[in-house]
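Peer 1: To start, I am sharing the structure in question, which I have written as C-alpha cells.
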Amino acid sequence: MPVTNSDIAEVLNRIAELLELEGANPFRIRAYRNAARTVTGLSRSIGSMLTEGADLSELPGIGKDLAAKITEISETGHLRFLDEIEGRTPPGLAKLLGVPGLGPKRVQALYTALGVDDLDKLAAAAKAGKLRRLPGFGAKSEEKILRGLKTRGAEEHRMAWSRAEEVALPLVDYLTAVRGVKQVTVAGSYRRHRETVGDLDILATAAEGAPVIERFVAYEDVAEVVSQGATRSTVVLRNGLQVDLRVVRAASYGAALHYFTGSKAHNIAVRKMGVAKGLKINEYGVFKGEKRIAGRSEKEVYAQVGLPYIEPELRENQGEIEAARRKGLPKLVRLEDIKGDLHTHSKASDGHASIAEMAEAAKSRGYAYFAVSDHSKKVTIAHGLDAKRLARQVDQIDRLNDELKGIRVLKSVEVDILEDGRLDLPDSILERLDLRVCAVHSKFDLPRDKQTERIIRAMDNPLFNVLAHPTGRLIGSRAACEIDMERVMKAAQERGCILEVNAQPERLDLTDLHCRMAKDLGVKVVISTDAHSTGDLGLLRFGISQARRGWLEAEDVINTRSWREVAKLLRR
C-alpha cells in the first residue's frame, strides 16, 4: 500500500513529540519537525522520488540519518527508531500534548505526581480537582484542560484538509481511469474547503455497465468494505478515513453534487425556497410534480429558485443566500490575484534556502515581490536575528536587488511580540525595513485580557505592520490563544495594521470566521505562506481557500496589489 508524504510527516512529528517528552535537545526535536515540514511541502511523493533514484539528503534540512529514516518509512510503512522511543514511553502520554494548556513539562509533571499517562486518567484527575493542587497549575488551568478534553473527541476523527487532499487526489485519478467513467468529483466538506474533513463523499457519472464500484472496493488503500451496492459503496481506508462513492446519472449530476456538497443548513434553505415555488429539490434533480425540470448542473438547480451560482466555500447558510438574492455575492479572491508573498524565511534563521534561491522561486511563480521575514533573536531555537545580523541582511538584500531583474526582495523580519507588548528588536533597525511582521511565539497561555492588551500595545508602535498567525493555533495540536479578536481588529483598523492569513496547512490562521469579521470591520489582510523552503511557496492556495470561506475579495487582501500600492497601505 502506498505511503504518502503525510504518512511520513506524521511519523517524524510523532518522534519529535516523544523526544520532547523525554526532554531531548531542542535542536534535535526541531530537526524532525523541520523534516516533516519539508516532506509535507514537496510537490512529488517521496516514493516516486526514491524510485527515480533521488538522494533525499539533498532536500532542505535533511541529512543522511534523516534521509535513511524517511526511506525506511516510505519503503516499509514503519520505522524501527519510532518503536524504540515508543517502547520507553507510556502509550497514552504523547496524546496529552494535544490537550490545550499542556506542554511537555506539564505532561511530565502530571505523570510524575499523579501517574497520568492517558486522556482518561487526565479527565478523572481534572474532574477530581487534583490538577490545581500541583505547582504550576491552578483552577483556571484545570478548567481550560477540561474544556479542551470536551472538544478533543469531536476533532480527533477529523483530518486536516491538506492531508485529505493527499488521499483524495490519487483516488480520483484511479476512478477516472476506470472504463466508462466520465466525471469524478469529491463533494462534502472537502469541496467546501473546511479546514478539517471528517470523511470523503465522491460522486461519479459513468456509462451503463462500467465497473466503477468493483474497482472502487479493490483500491489498494482500502482496509474495510463497509457496504457494496450497484450504485453506492462505502469503504474505510487504512488511515481510518471513510469514503462514500455514489454513481449517478448525468441528468442528476448537478443536483447530486449540490446535495452532497452541503452544508446541510444551506441545502435546507434552498429546498425551502423550492417548496415556496412548488418545486421539490433532492439529490436526483428539481421536480415540478413528477417531472424533472433541472439537475444536470448546479447552476440549473440554483436558477430554479431564482439564485445565481453560489461558490462551494460560501455554502454554510451564513448569509450567502440573502446576498445572492440581492445580487451581492462577493467576487472571491483567487490564487492568480496574488502578486507577492510577505512572510517567508531563509537560511539566516530556520529556512532551508538562500534569499537568492527564494527570490528565483518566487519569480518563477510570477510574483513581483516577496519579503524575507526571518525570525528575531527571541526565537533562539530558530537561530533568530539580532540587530547586527539583521543589519547585515538588509545590506545583502540591497545588493541582491541591484542584481535581480523581474522581482523585488523586500526587507522584513518576523519580530517577536514580548510579554509586555514591546517588539523584540530596537526601532533603529526596524526603521530600515520595508515592513515588519509581528508575532507571538511565547506565553500562549496568558489570560484573555492580558493577551489582548499585549498585542494592542505592540500595535501602538508605529513600526508594527502585520500581525502574523494571530491566534497562534496549530490545528489538532495547539489551541488558539485566548484573544478578544474583535478588540484586536478594531485596534488594527484604527492604527492601520494588517492581519495575516497564514497559509501553512497546520495553521490557517486567521480562521474563516475571523476573515469574515475582518471584512465586516474594514480590516485589510495579507495571505502569506510563512514559507521555510522554495516548495512552501506553493502553500499559498491553502490560505486562498481559507480567505474565500471568509468571503474575502481581492480588494480585501493587500498582496493582490503592486508593491507601490502595498507600500502606501503599510505607511502609518
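Each chain in the C-alpha cells gets a letter, A, B, ..., in the order shown, and its residues are numbered from 1; ligands are numbered from 1 in order too.
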Show me, as a tab-separated table, the residues of range 240-300 of chain A having an atom within 12 Å of range 164-174 of chain A, each with the closest atom pair and its distance in Å, using only C-alpha atoms.

Peer 2:
```
residue	atom	partner	partner_atom	distance
A:Gly240	CA	A:Val167	CA	11.3
A:Leu241	CA	A:Ala164	CA	8.6
A:Gln242	CA	A:Ala164	CA	10.9
A:Val243	CA	A:Ala168	CA	9.3
A:Asp244	CA	A:Ala168	CA	11.6
A:Leu245	CA	A:Val172	CA	10.6
```

Peer 1: Would you return as a PyMOL selection string the members of range 146-374 of chain A that DSSP assigns to helix (DSSP H, G or I) on this structure's backbone?

Peer 2: chain A and resi 146-156+161-176+188-191+212-217+250-261+264-276+298-304+312-314+320-325+335-337+355-364

Peer 1: Would you please work out which residue, of A:Glu311, A:Glu220, A:Asp55, A:Asp120, is nearest to Ala67 in chain A when using only C-alpha atoms?

Peer 2: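 With only C-alpha atoms as the atom set, the closest residue is A:Asp55.
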
Peer 1: Each residue of range 359-474 of chain A lying at most 12 Å from range 141-145 of chain A should get a row with its shortest atom-to-atom pair and the distance in Å to one decimal, counting only C-alpha atoms; could you produce that, ordered by chain and increasing number, as a Markdown table?

Peer 2:
```
| residue | atom | partner | partner_atom | distance |
| --- | --- | --- | --- | --- |
| A:Asp445 | CA | A:Ser141 | CA | 8.9 |
| A:Leu446 | CA | A:Ser141 | CA | 10.6 |
| A:Pro447 | CA | A:Ser141 | CA | 10.3 |
```

Peer 1: Taking N, CA, C and O atoms for each residue, export the selection above as a PDB file, in the first residue's frame.

Peer 2:
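After the write, again01.pdb holds the following:
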```pdb
ATOM      1  N   ASP A 445      -0.394  31.078  26.989  1.00  0.00           N
ATOM      2  CA  ASP A 445      -1.456  30.819  27.957  1.00  0.00           C
ATOM      3  C   ASP A 445      -1.813  32.027  28.818  1.00  0.00           C
ATOM      4  O   ASP A 445      -2.456  31.890  29.861  1.00  0.00           O
ATOM      5  N   LEU A 446      -1.415  33.215  28.400  1.00  0.00           N
ATOM      6  CA  LEU A 446      -1.816  34.404  29.162  1.00  0.00           C
ATOM      7  C   LEU A 446      -3.341  34.528  29.180  1.00  0.00           C
ATOM      8  O   LEU A 446      -4.008  34.135  28.220  1.00  0.00           O
ATOM      9  N   PRO A 447      -3.914  35.084  30.235  1.00  0.00           N
ATOM     10  CA  PRO A 447      -5.361  35.309  30.264  1.00  0.00           C
ATOM     11  C   PRO A 447      -5.804  36.186  29.091  1.00  0.00           C
ATOM     12  O   PRO A 447      -5.020  36.975  28.562  1.00  0.00           O
TER      13      PRO A 447
END
```

Peer 1: Find the residue from A:Thr234, A:Asp427, A:Lys127, A:Ala348 that sits nearest to Arg392 in chain A; use only C-alpha atoms when measuring.

Peer 2: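 Nearest candidate to Arg392 in chain A out of A:Thr234, A:Asp427, A:Lys127, A:Ala348: A:Ala348.
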
Peer 1: Please provide as a ChimeraX atom specification all residues within 9 Å of range 263-278 of chain A, with the sequence filter that same-chain residues fewer than 3 positions apart are discarded (counting only C-alpha atoms).

Peer 2: /A:188-189,192,258-260,281-282,286-289,302,304-306,312,315-318,320-321

Peer 1: The selected residues should be written to file as a PDB file, in the first residue's frame (atoms: N, CA, C and O atoms).

Peer 2:
```pdb
ATOM      1  N   GLY A 188     -18.950  17.206  -0.364  1.00  0.00           N
ATOM      2  CA  GLY A 188     -18.889  17.341   1.088  1.00  0.00           C
ATOM      3  C   GLY A 188     -18.060  18.512   1.582  1.00  0.00           C
ATOM      4  O   GLY A 188     -17.796  19.483   0.874  1.00  0.00           O
ATOM      5  N   SER A 189     -17.621  18.409   2.851  1.00  0.00           N
ATOM      6  CA  SER A 189     -16.845  19.483   3.468  1.00  0.00           C
ATOM      7  C   SER A 189     -15.504  19.661   2.762  1.00  0.00           C
ATOM      8  O   SER A 189     -14.912  20.741   2.804  1.00  0.00           O
ATOM      9  N   ARG A 192     -16.116  22.144   0.096  1.00  0.00           N
ATOM     10  CA  ARG A 192     -16.339  23.457   0.696  1.00  0.00           C
ATOM     11  C   ARG A 192     -15.059  24.007   1.342  1.00  0.00           C
ATOM     12  O   ARG A 192     -15.044  25.096   1.891  1.00  0.00           O
ATOM     13  N   HIS A 258     -24.806  19.226  -5.679  1.00  0.00           N
ATOM     14  CA  HIS A 258     -25.304  20.255  -4.754  1.00  0.00           C
ATOM     15  C   HIS A 258     -25.703  19.621  -3.422  1.00  0.00           C
ATOM     16  O   HIS A 258     -25.341  20.112  -2.350  1.00  0.00           O
ATOM     17  N   TYR A 259     -26.418  18.525  -3.484  1.00  0.00           N
ATOM     18  CA  TYR A 259     -26.937  17.868  -2.280  1.00  0.00           C
ATOM     19  C   TYR A 259     -25.788  17.376  -1.400  1.00  0.00           C
ATOM     20  O   TYR A 259     -25.777  17.594  -0.184  1.00  0.00           O
ATOM     21  N   PHE A 260     -24.814  16.700  -2.002  1.00  0.00           N
ATOM     22  CA  PHE A 260     -23.752  16.073  -1.209  1.00  0.00           C
ATOM     23  C   PHE A 260     -22.600  17.026  -0.882  1.00  0.00           C
ATOM     24  O   PHE A 260     -21.767  16.715  -0.032  1.00  0.00           O
ATOM     25  N   ILE A 281     -36.789  19.622  -4.484  1.00  0.00           N
ATOM     26  CA  ILE A 281     -35.359  19.552  -4.804  1.00  0.00           C
ATOM     27  C   ILE A 281     -34.722  18.466  -3.946  1.00  0.00           C
ATOM     28  O   ILE A 281     -34.821  18.489  -2.720  1.00  0.00           O
ATOM     29  N   ASN A 282     -34.081  17.522  -4.599  1.00  0.00           N
ATOM     30  CA  ASN A 282     -33.347  16.477  -3.879  1.00  0.00           C
ATOM     31  C   ASN A 282     -32.113  16.090  -4.689  1.00  0.00           C
ATOM     32  O   ASN A 282     -31.756  16.774  -5.660  1.00  0.00           O
ATOM     33  N   VAL A 286     -34.450  18.614  -9.754  1.00  0.00           N
ATOM     34  CA  VAL A 286     -35.501  19.562  -9.367  1.00  0.00           C
ATOM     35  C   VAL A 286     -36.772  19.120 -10.085  1.00  0.00           C
ATOM     36  O   VAL A 286     -36.773  18.963 -11.313  1.00  0.00           O
ATOM     37  N   PHE A 287     -37.848  18.915  -9.318  1.00  0.00           N
ATOM     38  CA  PHE A 287     -39.066  18.331  -9.879  1.00  0.00           C
ATOM     39  C   PHE A 287     -40.244  19.282  -9.740  1.00  0.00           C
ATOM     40  O   PHE A 287     -40.431  19.933  -8.707  1.00  0.00           O
ATOM     41  N   LYS A 288     -41.019  19.342 -10.811  1.00  0.00           N
ATOM     42  CA  LYS A 288     -42.327  20.010 -10.794  1.00  0.00           C
ATOM     43  C   LYS A 288     -43.347  18.898 -10.913  1.00  0.00           C
ATOM     44  O   LYS A 288     -43.541  18.328 -11.993  1.00  0.00           O
ATOM     45  N   GLY A 289     -43.953  18.546  -9.799  1.00  0.00           N
ATOM     46  CA  GLY A 289     -44.785  17.342  -9.780  1.00  0.00           C
ATOM     47  C   GLY A 289     -43.892  16.128  -9.962  1.00  0.00           C
ATOM     48  O   GLY A 289     -42.919  15.934  -9.231  1.00  0.00           O
ATOM     49  N   TYR A 302     -29.769  26.134  -8.832  1.00  0.00           N
ATOM     50  CA  TYR A 302     -29.909  27.475  -8.255  1.00  0.00           C
ATOM     51  C   TYR A 302     -30.861  28.340  -9.080  1.00  0.00           C
ATOM     52  O   TYR A 302     -31.663  29.109  -8.526  1.00  0.00           O
ATOM     53  N   GLN A 304     -33.478  27.569 -10.697  1.00  0.00           N
ATOM     54  CA  GLN A 304     -34.885  27.242 -10.484  1.00  0.00           C
ATOM     55  C   GLN A 304     -35.470  27.947  -9.266  1.00  0.00           C
ATOM     56  O   GLN A 304     -36.679  28.106  -9.162  1.00  0.00           O
ATOM     57  N   VAL A 305     -34.622  28.376  -8.332  1.00  0.00           N
ATOM     58  CA  VAL A 305     -35.119  29.124  -7.158  1.00  0.00           C
ATOM     59  C   VAL A 305     -34.731  30.602  -7.240  1.00  0.00           C
ATOM     60  O   VAL A 305     -34.761  31.330  -6.240  1.00  0.00           O
ATOM     61  N   GLY A 306     -34.317  31.011  -8.441  1.00  0.00           N
ATOM     62  CA  GLY A 306     -34.028  32.428  -8.664  1.00  0.00           C
ATOM     63  C   GLY A 306     -32.712  32.911  -8.114  1.00  0.00           C
ATOM     64  O   GLY A 306     -32.551  34.108  -7.838  1.00  0.00           O
ATOM     65  N   PRO A 312     -18.901  26.900  -3.647  1.00  0.00           N
ATOM     66  CA  PRO A 312     -18.972  25.919  -2.558  1.00  0.00           C
ATOM     67  C   PRO A 312     -18.459  26.438  -1.219  1.00  0.00           C
ATOM     68  O   PRO A 312     -19.020  26.116  -0.166  1.00  0.00           O
ATOM     69  N   ARG A 315     -21.134  28.029   1.102  1.00  0.00           N
ATOM     70  CA  ARG A 315     -22.397  27.330   1.373  1.00  0.00           C
ATOM     71  C   ARG A 315     -22.513  26.843   2.823  1.00  0.00           C
ATOM     72  O   ARG A 315     -22.470  25.654   3.118  1.00  0.00           O
ATOM     73  N   GLU A 316     -22.648  27.793   3.736  1.00  0.00           N
ATOM     74  CA  GLU A 316     -22.776  27.463   5.152  1.00  0.00           C
ATOM     75  C   GLU A 316     -24.047  28.046   5.766  1.00  0.00           C
ATOM     76  O   GLU A 316     -24.214  28.013   6.980  1.00  0.00           O
ATOM     77  N   ASN A 317     -24.922  28.605   4.933  1.00  0.00           N
ATOM     78  CA  ASN A 317     -26.130  29.297   5.404  1.00  0.00           C
ATOM     79  C   ASN A 317     -25.770  30.384   6.404  1.00  0.00           C
ATOM     80  O   ASN A 317     -26.366  30.505   7.474  1.00  0.00           O
ATOM     81  N   GLN A 318     -24.784  31.178   6.024  1.00  0.00           N
ATOM     82  CA  GLN A 318     -24.342  32.296   6.854  1.00  0.00           C
ATOM     83  C   GLN A 318     -24.467  33.613   6.084  1.00  0.00           C
ATOM     84  O   GLN A 318     -23.573  34.451   6.098  1.00  0.00           O
ATOM     85  N   GLU A 320     -25.144  33.781   2.687  1.00  0.00           N
ATOM     86  CA  GLU A 320     -24.861  33.711   1.249  1.00  0.00           C
ATOM     87  C   GLU A 320     -26.133  33.715   0.399  1.00  0.00           C
ATOM     88  O   GLU A 320     -26.149  34.270  -0.709  1.00  0.00           O
ATOM     89  N   ILE A 321     -27.206  33.117   0.915  1.00  0.00           N
ATOM     90  CA  ILE A 321     -28.447  33.069   0.135  1.00  0.00           C
ATOM     91  C   ILE A 321     -29.075  34.460   0.056  1.00  0.00           C
ATOM     92  O   ILE A 321     -29.525  34.901  -1.014  1.00  0.00           O
TER      93      ILE A 321
END
```

Peer 1: Counting only C-alpha atoms, which residue out of A:Ile456, A:Ile202, A:Ala567, A:Val3 sits closest to Lys490 in chain A?

Peer 2: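 Residue with the minimum atom-to-atom distance to Lys490 in chain A: A:Ile456.
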
Peer 1: Skipping near chain neighbours, those fewer than 3 positions away, what residues fall within 12 Å of Ile8 in chain A using only C-alpha atoms, listed as a VMD selection string?

Peer 2: chain A and resid 2 to 5 11 to 15 32 to 33 35 to 42 45 to 47 66 to 67 69 to 79 82 163

Peer 1: Can you measure CA of Val415 in chain A to CA of Ile527 in chain A for me? One decimal in Å is fine.

Peer 2: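 Computing it gives 17.8 Å between the two atoms.
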
Peer 1: Given only C-alpha atoms, how would the per-residue table for range 367-479 of chain A near range 496-515 of chain A read, listing every residue at most 8 Å away with its closest atom pair and distance in Å to one decimal, sorted by chain and number, as JSON lines?

Peer 2:
```
{"residue": "A:Met459", "atom": "CA", "partner": "A:Cys497", "partner_atom": "CA", "distance": 7.2}
{"residue": "A:Phe464", "atom": "CA", "partner": "A:Cys497", "partner_atom": "CA", "distance": 6.9}
{"residue": "A:Asn465", "atom": "CA", "partner": "A:Cys497", "partner_atom": "CA", "distance": 5.1}
{"residue": "A:Val466", "atom": "CA", "partner": "A:Ile498", "partner_atom": "CA", "distance": 4.6}
{"residue": "A:Leu467", "atom": "CA", "partner": "A:Leu499", "partner_atom": "CA", "distance": 4.9}
{"residue": "A:Ala468", "atom": "CA", "partner": "A:Glu500", "partner_atom": "CA", "distance": 5.1}
{"residue": "A:His469", "atom": "CA", "partner": "A:Asp509", "partner_atom": "CA", "distance": 5.1}
{"residue": "A:Pro470", "atom": "CA", "partner": "A:Leu510", "partner_atom": "CA", "distance": 6.4}
{"residue": "A:Thr471", "atom": "CA", "partner": "A:Asp509", "partner_atom": "CA", "distance": 6.7}
{"residue": "A:Gly472", "atom": "CA", "partner": "A:Asp509", "partner_atom": "CA", "distance": 7.5}
{"residue": "A:Arg473", "atom": "CA", "partner": "A:Arg507", "partner_atom": "CA", "distance": 6.1}
{"residue": "A:Leu474", "atom": "CA", "partner": "A:Arg507", "partner_atom": "CA", "distance": 5.0}
{"residue": "A:Ile475", "atom": "CA", "partner": "A:Glu506", "partner_atom": "CA", "distance": 5.2}
{"residue": "A:Gly476", "atom": "CA", "partner": "A:Glu506", "partner_atom": "CA", "distance": 8.0}
```

Peer 1: DSSP on the backbone: which residues in range 282-497 of chain A end up as strand (DSSP E)? Give the answer as a PyMOL selection string.

Peer 2: chain A and resi 282+285-288+291-294+340-344+369-372+408-411+414-416+437-439+466-467

Peer 1: For Leu19 in chain A, work out the shell of residues within 10 Å, counting only C-alpha atoms and skipping chain neighbours fewer than 6 positions away, then give it as number ranges by chain.

Peer 2: A: 13, 25-26, 28-29, 32, 85-86, 89, 94, 104

Peer 1: Out of A:Met358, A:Leu122, A:Leu314, A:Leu257, which residue has the shortest atom-to-atom distance to Arg549 in chain A when counting only C-alpha atoms?

Peer 2: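 Using only C-alpha atoms, the shortest distance to Arg549 in chain A belongs to A:Leu314.
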
Peer 1: Quick one: everything within 12 Å of Arg249 in chain A, counting only C-alpha atoms, minus sequence neighbours fewer than 4 positions away in the same chain. Send it as number ranges by chain.

Peer 2: A: 181-183, 203-208, 231, 253-257, 283-285, 295-297

Peer 1: Which residues come within 10 Å of Gly340 in chain A, counting only C-alpha atoms, excluding same-chain residues fewer than 3 positions away, as an NGL selection string?

Peer 2: :A and (337 or 343 or 362-363 or 365-371 or 407-409 or 526-528 or 558-563)
